[in-house]
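**Student:** Right, I'll just put the structure down here and ask away after.
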Protein chains: 2
Amino acid sequence: MKWTEGFIAVDWGTTNRRAYRIDSSGECRDEFEDSEGVLSIADRIGFAGAVGQIRERLGDHPMLLAGMIGSNRGWKEAPYVPCPAGLDDLAAKLVWAGEQEAIVPGVSYVGDNRADVMRGEEVQLLGAVASGRVGPDALVCHPGTHNKWAQLHGAAIQSFRTVMTGELFSLLKDHSILSDLLTGEVEANDTFRSAARYALRNDALPAELFAVRARVLLGQAEKKDAASYTSGLLIGTDVRIGLSQSAAEDVVVIGRPDLTRLYSAAIAEAERRPTELDGEKCFLSGIVEIAKRMS
Amino acid sequence: MKWTEGFIAVDWGTTNRRAYRIDSSGECRDEFEDSEGVLSIADRIGFAGAVGQIRERLGDHPMLLAGMIGSNRGWKEAPYVPCPAGLDDLAAKLVWAGEQEAIVPGVSYVGDNRADVMRGEEVQLLGAVASGRVGPDALVCHPGTHNKWAQLHGAAIQSFRTVMTGELFSLLKDHSILSDLLTGEVEANDTFRSAARYALRNDALPAELFAVRARVLLGQAEKKDAASYTSGLLIGTDVRIGLSQSAAEDVVVIGRPDLTRLYSAAIAEAERRPTELDGEKCFLSGIVEIAKRMS
């Protein structure tokens with residue numbers, strides 16, 4: 001097997017994975033997504049077996065794996081590359097889990113009395129730059145379970161900060177006193193925007209979250225609006241934190257379209273200029289760039 | 001049965017309850033606590049049966065019930081009394097669930113574009129005033145699953161604000177990516193105080209929570225400190241929100257001693273003067289005052 005003849009790329013997260021067969025010209029020829037995330041694999045068939053199953057579906061090619069697969073809960077730990085980190089740095093620090101299976105390292109940041117880590121987003125962020133969708137110096141937001149705000153300089157990740165917005169929303173929806181109120185769809189509607197505006201200017205999130213319930217109980221708000229309102233509070237707070245790092249007028253938002261739409265709406269409320277990019281395309285650009293550096 | 005001859009008081013919450021036999025002089029003569037909270041009762045034996053069991057243990061007396069027992073998930077809904085609310089207002093709006101069982105209403109606040117509710121804490125807050133432990137005008141903090149910051153004026157609750165600190169800590173401990181880090185005891189130690197100080201001056205809670213994990217992964221903090229550190233971030237944020245409402249130098253903290261100790265430490269870091277009061281004693285003072293108004 002040779003990397004120049006094509007390979008399989010996997011964006012392997014905690015709860016699901018996406019696998020792609022990339023041909024010799026760097027084009028994606030086949031793909032699938034399933035819920036065989038790192039946590040479910042580790043408990044069951046093990047990673048060597050899981051990799052075999054991917055090859056059964058996409059062919060017998062070498063594999064380049066990114067995301068939580070390289071964490072201490074994954075197949076083999078790929079130590080974080082410290083900021084500033086570009087594609088060359090990631091390619092230089094690949095960790096080999098098997099003879100034909102390389103794992104892309106995550107990125108760490110220590111500075112300003114802070115410490116932070118990412119795994120998986122780095123391929124998308126740097127892929128967006130390598131493919132020309134984003135300039136070498138930019139403020140990028142990558143929504144997900146743990147949203148990343150990254151400052152790019154000279155086509156490298158200079159610093160970043162994580163905000164656990166997606167996970168907080170899930171915790172509130174699945175396990176909290178707000179659970180029965182958060183059953184509706186989140187939409188970037190007036191309710192969402194008004195909550196985001198409030199959170200951009202105020203900093204009392206753990207009080208405002210309880211008020212979601214109080215407002216419904218006292219007839220000040222409707223239950224059907226609670227999910228969009230709560231999401232607006234969380235994402236507005238997230239955007240306030242992220243934008244406090246940078247005066248950049250333009251903000252690139254990379255990720256799943258349903259999430260980039262919400263962040264884009266909140267960023268516009270903060271009077272910055274958002275641009276949305278599809279995370280999957282950026283991942284493919286990034287992973288192909290890393291593969292090129294291996295050939 | 002006559003109230004002047006003594007009664008049974010119950011502080012009946014969502015997940016547990018405390019029942020007390022009060023004699024004709026207002027002294028507590030017997031008591032018990034168990035986990036028969038509103039949610040477990042409703043699903044099982046029903047409230048009339050649960051009340052019968054309490055009388056089997058504490059005697060055949062009339063009963064005065066406070067807390068979530070009066071919510072829409074409780075025995076019978078006792079509509080909120082709006083602020084300003086004093087003991088006379090609560091006593092005037094008791095709801096009778098049976099001939100000898102009265103439920104104390106909760107208190108609501110609508111104003112400053114906010115809405116808020118409490119159930120159970122009002123008896124402790126007003127009991128603290130009625131017994132002389134707290135003056136008629138005071139800033140009071142009542143930690144619990146949902147911490148209440150109440151402004152008292154003229155021995156009435158003038159306004160209040162809830163911060164869902166206790167519930168957020170539980171969600172993070174039981175269900176989040178931080179779960180495996182938050183197994184230790186929370187103590188008001190240097191780690192707690194330093195996190196509280198940080199949160200008193202900064203407003204990036206959902207970012208700082210993720211950093212708890214990143215700091216441990218990158219060797220910037222020890223796993224054993226994570227619970228106190230996380231609690232310090234949450235309680236420091238809570239205290240920042242609560243103190244932003246008032247310039248009062250003295251802050252009264254009413255509740256369970258393990259929680260008042262932590263809040264007291266964070267309030268001291270904010271250079272205010274905390275006083276801790278035992279919530280159970282304040283509850284007994286308050287419920288006896290309400291019973292007096294029924295006789």
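Identifiers in the structure tokens: chain A, B, ... in order shown; residue index from 1 per chain; ligand index from 1 in order shown.
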Write out as a Markdown table the residues of chain B that have any atom within 7 Å of an atom of chain A, one row each with the nearest atom pair and its distance in Å to one decimal, counting only C-alpha atoms, sorted by chain and then rising number.
**Tutor:**
```
| residue | atom | partner | partner_atom | distance |
| --- | --- | --- | --- | --- |
| B:Ala115 | CA | A:Arg215 | CA | 5.3 |
| B:Asp116 | CA | A:Ala214 | CA | 4.9 |
| B:Val117 | CA | A:Ala214 | CA | 5.8 |
| B:Thr162 | CA | A:Ala207 | CA | 5.6 |
| B:Val163 | CA | A:Ala207 | CA | 4.1 |
| B:Met164 | CA | A:Pro206 | CA | 5.5 |
| B:Thr165 | CA | A:Pro206 | CA | 6.6 |
| B:Leu171 | CA | A:Leu171 | CA | 6.5 |
| B:Asp203 | CA | A:Asp203 | CA | 6.2 |
| B:Ala204 | CA | A:Ile241 | CA | 6.1 |
| B:Pro206 | CA | A:Val163 | CA | 5.3 |
| B:Ala207 | CA | A:Val163 | CA | 4.1 |
| B:Phe210 | CA | A:Met164 | CA | 5.9 |
| B:Ala211 | CA | A:Asp116 | CA | 5.9 |
| B:Ala214 | CA | A:Asp116 | CA | 4.9 |
| B:Arg215 | CA | A:Ala115 | CA | 5.3 |
| B:Ile241 | CA | A:Ala204 | CA | 6.1 |
```
**Student:** Can you tell me, as a short mmCIF file (atom, residue, chain, number, x, y, z; two decimals) with C-alpha atoms, in the first residue's frame, what residues are no more than 10 Å from Leu152 in chain A when counting only C-alpha atoms, ignoring any on the same chain fewer than 4 positions away?
**Tutor:**
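As a result, selection.cif now contains:
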```cif
data_model
loop_
_atom_site.label_atom_id
_atom_site.label_comp_id
_atom_site.auth_asym_id
_atom_site.auth_seq_id
_atom_site.Cartn_x
_atom_site.Cartn_y
_atom_site.Cartn_z
CA PRO A 84 2.00 27.65 17.10
CA ALA A 85 1.06 24.57 15.05
CA GLY A 86 0.77 24.29 11.28
CA LEU A 125 -8.84 24.78 10.65
CA LEU A 126 -5.55 24.23 8.82
CA VAL A 129 -6.28 27.75 5.19
CA VAL A 134 -9.48 31.15 4.86
CA GLY A 135 -6.51 33.52 4.85
CA PRO A 136 -3.34 32.69 6.81
CA ASP A 137 -4.27 35.20 9.53
CA ALA A 138 -7.85 34.87 10.79
CA LEU A 139 -10.13 34.47 13.76
CA VAL A 140 -11.91 31.14 13.41
CA ALA A 156 -0.61 28.19 11.88
CA ILE A 157 -2.80 27.96 14.98
CA GLN A 158 -1.28 30.62 17.22
CA SER A 159 -3.60 30.27 20.22
CA PHE A 160 -7.10 29.01 20.93
#
```
**Student:** Using only C-alpha atoms, which protein or nucleic acid residues come within 12 Å of Glu31 in chain B? Drop anything in the same chain fewer than 2 positions from it, and give the result as a list in words.
**Tutor:**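 The neighbour list is Phe7, Ile8, Ala9, Val10, Asp11, Arg17, Arg18, Ala19, Tyr20, Arg21, Ile22, Asp23, Glu27, Cys28, Arg29, Glu33, Asp34, Ile54, Arg55, Arg57, Leu58, Gly59, Glu280 and Leu284 of chain B.
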**Student:** To test your reading of the structure, identify every residue in range 21-164 of chain B that backbone DSSP assigns to helix (DSSP H, G or I), and report it as a PyMOL selection string.
**Tutor:** chain B and resi 38-43+47-58+68-70+87-92+121-130
**Student:** Just how far from CA of Gly74 in chain B is CA of Ser35 in chain B, in Å to one decimal?
**Tutor:** 14.9 Å
**Student:** What's the separation between CA of Leu64 in chain B and CA of Val288 in chain B, in Å to one decimal place?
**Tutor:**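 These atoms are spaced 9.4 Å apart.
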**Student:** Could you work out how far CA of Trp96 in chain A lies from CA of Gly52 in chain A, giving the answer in Å with one decimal?
**Tutor:**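 Separation of CA of Gly52 in chain A and CA of Trp96 in chain A: 15.9 Å.
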**Student:** Do you know which residues are at most 12 Å from Glu187 in chain A counting only C-alpha atoms, after dropping those on the same chain fewer than 6 positions away, and could you put them as a ChimeraX atom specification?
**Tutor:** /A:193,195,224-232,258-263,265-266
**Student:** Which is closest to Gln151 in chain A among A:Cys83, A:Ala78, A:Leu277, A:Val51, if we use only C-alpha atoms?
**Tutor:**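 Using only C-alpha atoms, the shortest distance to Gln151 in chain A belongs to A:Cys83.
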**Student:** Just the strand (DSSP E) stuff from range 102-281 of chain A, please, per backbone DSSP, written as number ranges by chain.
**Tutor:** A: 102-103, 107-111, 114-118, 138-142, 147-153, 156-163, 250-255, 273-278
**Student:** Output C-alpha atoms for every residue in that selection, as a CSV table (one decimal), in the first residue's frame.
**Tutor:**
```
chain,number,residue,atom,x,y,z
A,102,ALA,CA,-1.1,6.9,11.3
A,103,ILE,CA,-2.8,9.1,13.9
A,107,VAL,CA,-2.8,20.7,19.5
A,108,SER,CA,-2.3,22.3,22.9
A,109,TYR,CA,-2.0,25.9,24.1
A,110,VAL,CA,-0.4,27.1,27.3
A,111,GLY,CA,-0.2,30.8,28.0
A,114,ARG,CA,-4.6,29.3,30.6
A,115,ALA,CA,-4.2,25.8,29.2
A,116,ASP,CA,-6.2,24.3,26.4
A,117,VAL,CA,-6.4,21.3,24.1
A,118,MET,CA,-8.0,20.3,20.8
A,138,ALA,CA,-7.8,34.9,10.8
A,139,LEU,CA,-10.1,34.5,13.8
A,140,VAL,CA,-11.9,31.1,13.4
A,141,CYS,CA,-14.7,29.7,15.5
A,142,HIS,CA,-15.4,25.9,15.3
A,147,ASN,CA,-16.4,25.1,20.6
A,148,LYS,CA,-13.0,26.3,19.7
A,149,TRP,CA,-12.0,29.9,19.1
A,150,ALA,CA,-8.7,29.9,17.2
A,151,GLN,CA,-6.4,32.7,16.2
A,152,LEU,CA,-4.5,31.8,13.0
A,153,HIS,CA,-1.3,33.6,12.1
A,156,ALA,CA,-0.6,28.2,11.9
A,157,ILE,CA,-2.8,28.0,15.0
A,158,GLN,CA,-1.3,30.6,17.2
A,159,SER,CA,-3.6,30.3,20.2
A,160,PHE,CA,-7.1,29.0,20.9
A,161,ARG,CA,-9.7,28.8,23.6
A,162,THR,CA,-12.4,26.2,24.2
A,163,VAL,CA,-15.9,27.0,25.4
A,250,ASP,CA,-14.3,39.0,10.0
A,251,VAL,CA,-14.9,35.8,11.8
A,252,VAL,CA,-14.9,32.4,10.0
A,253,VAL,CA,-17.2,29.8,11.4
A,254,ILE,CA,-16.3,26.2,10.5
A,255,GLY,CA,-18.4,23.1,11.3
A,273,ARG,CA,-18.9,39.7,9.9
A,274,PRO,CA,-19.3,35.9,9.9
A,275,THR,CA,-18.5,33.5,7.1
A,276,GLU,CA,-19.7,29.9,7.3
A,277,LEU,CA,-17.6,27.0,6.0
A,278,ASP,CA,-18.6,23.3,5.9
```
**Student:** Which residue is closest to Arg293 in chain B? Choose from B:Ala92, B:Ile235, B:Asn189, B:Ser179 and count only C-alpha atoms.
**Tutor:** B:Ala92
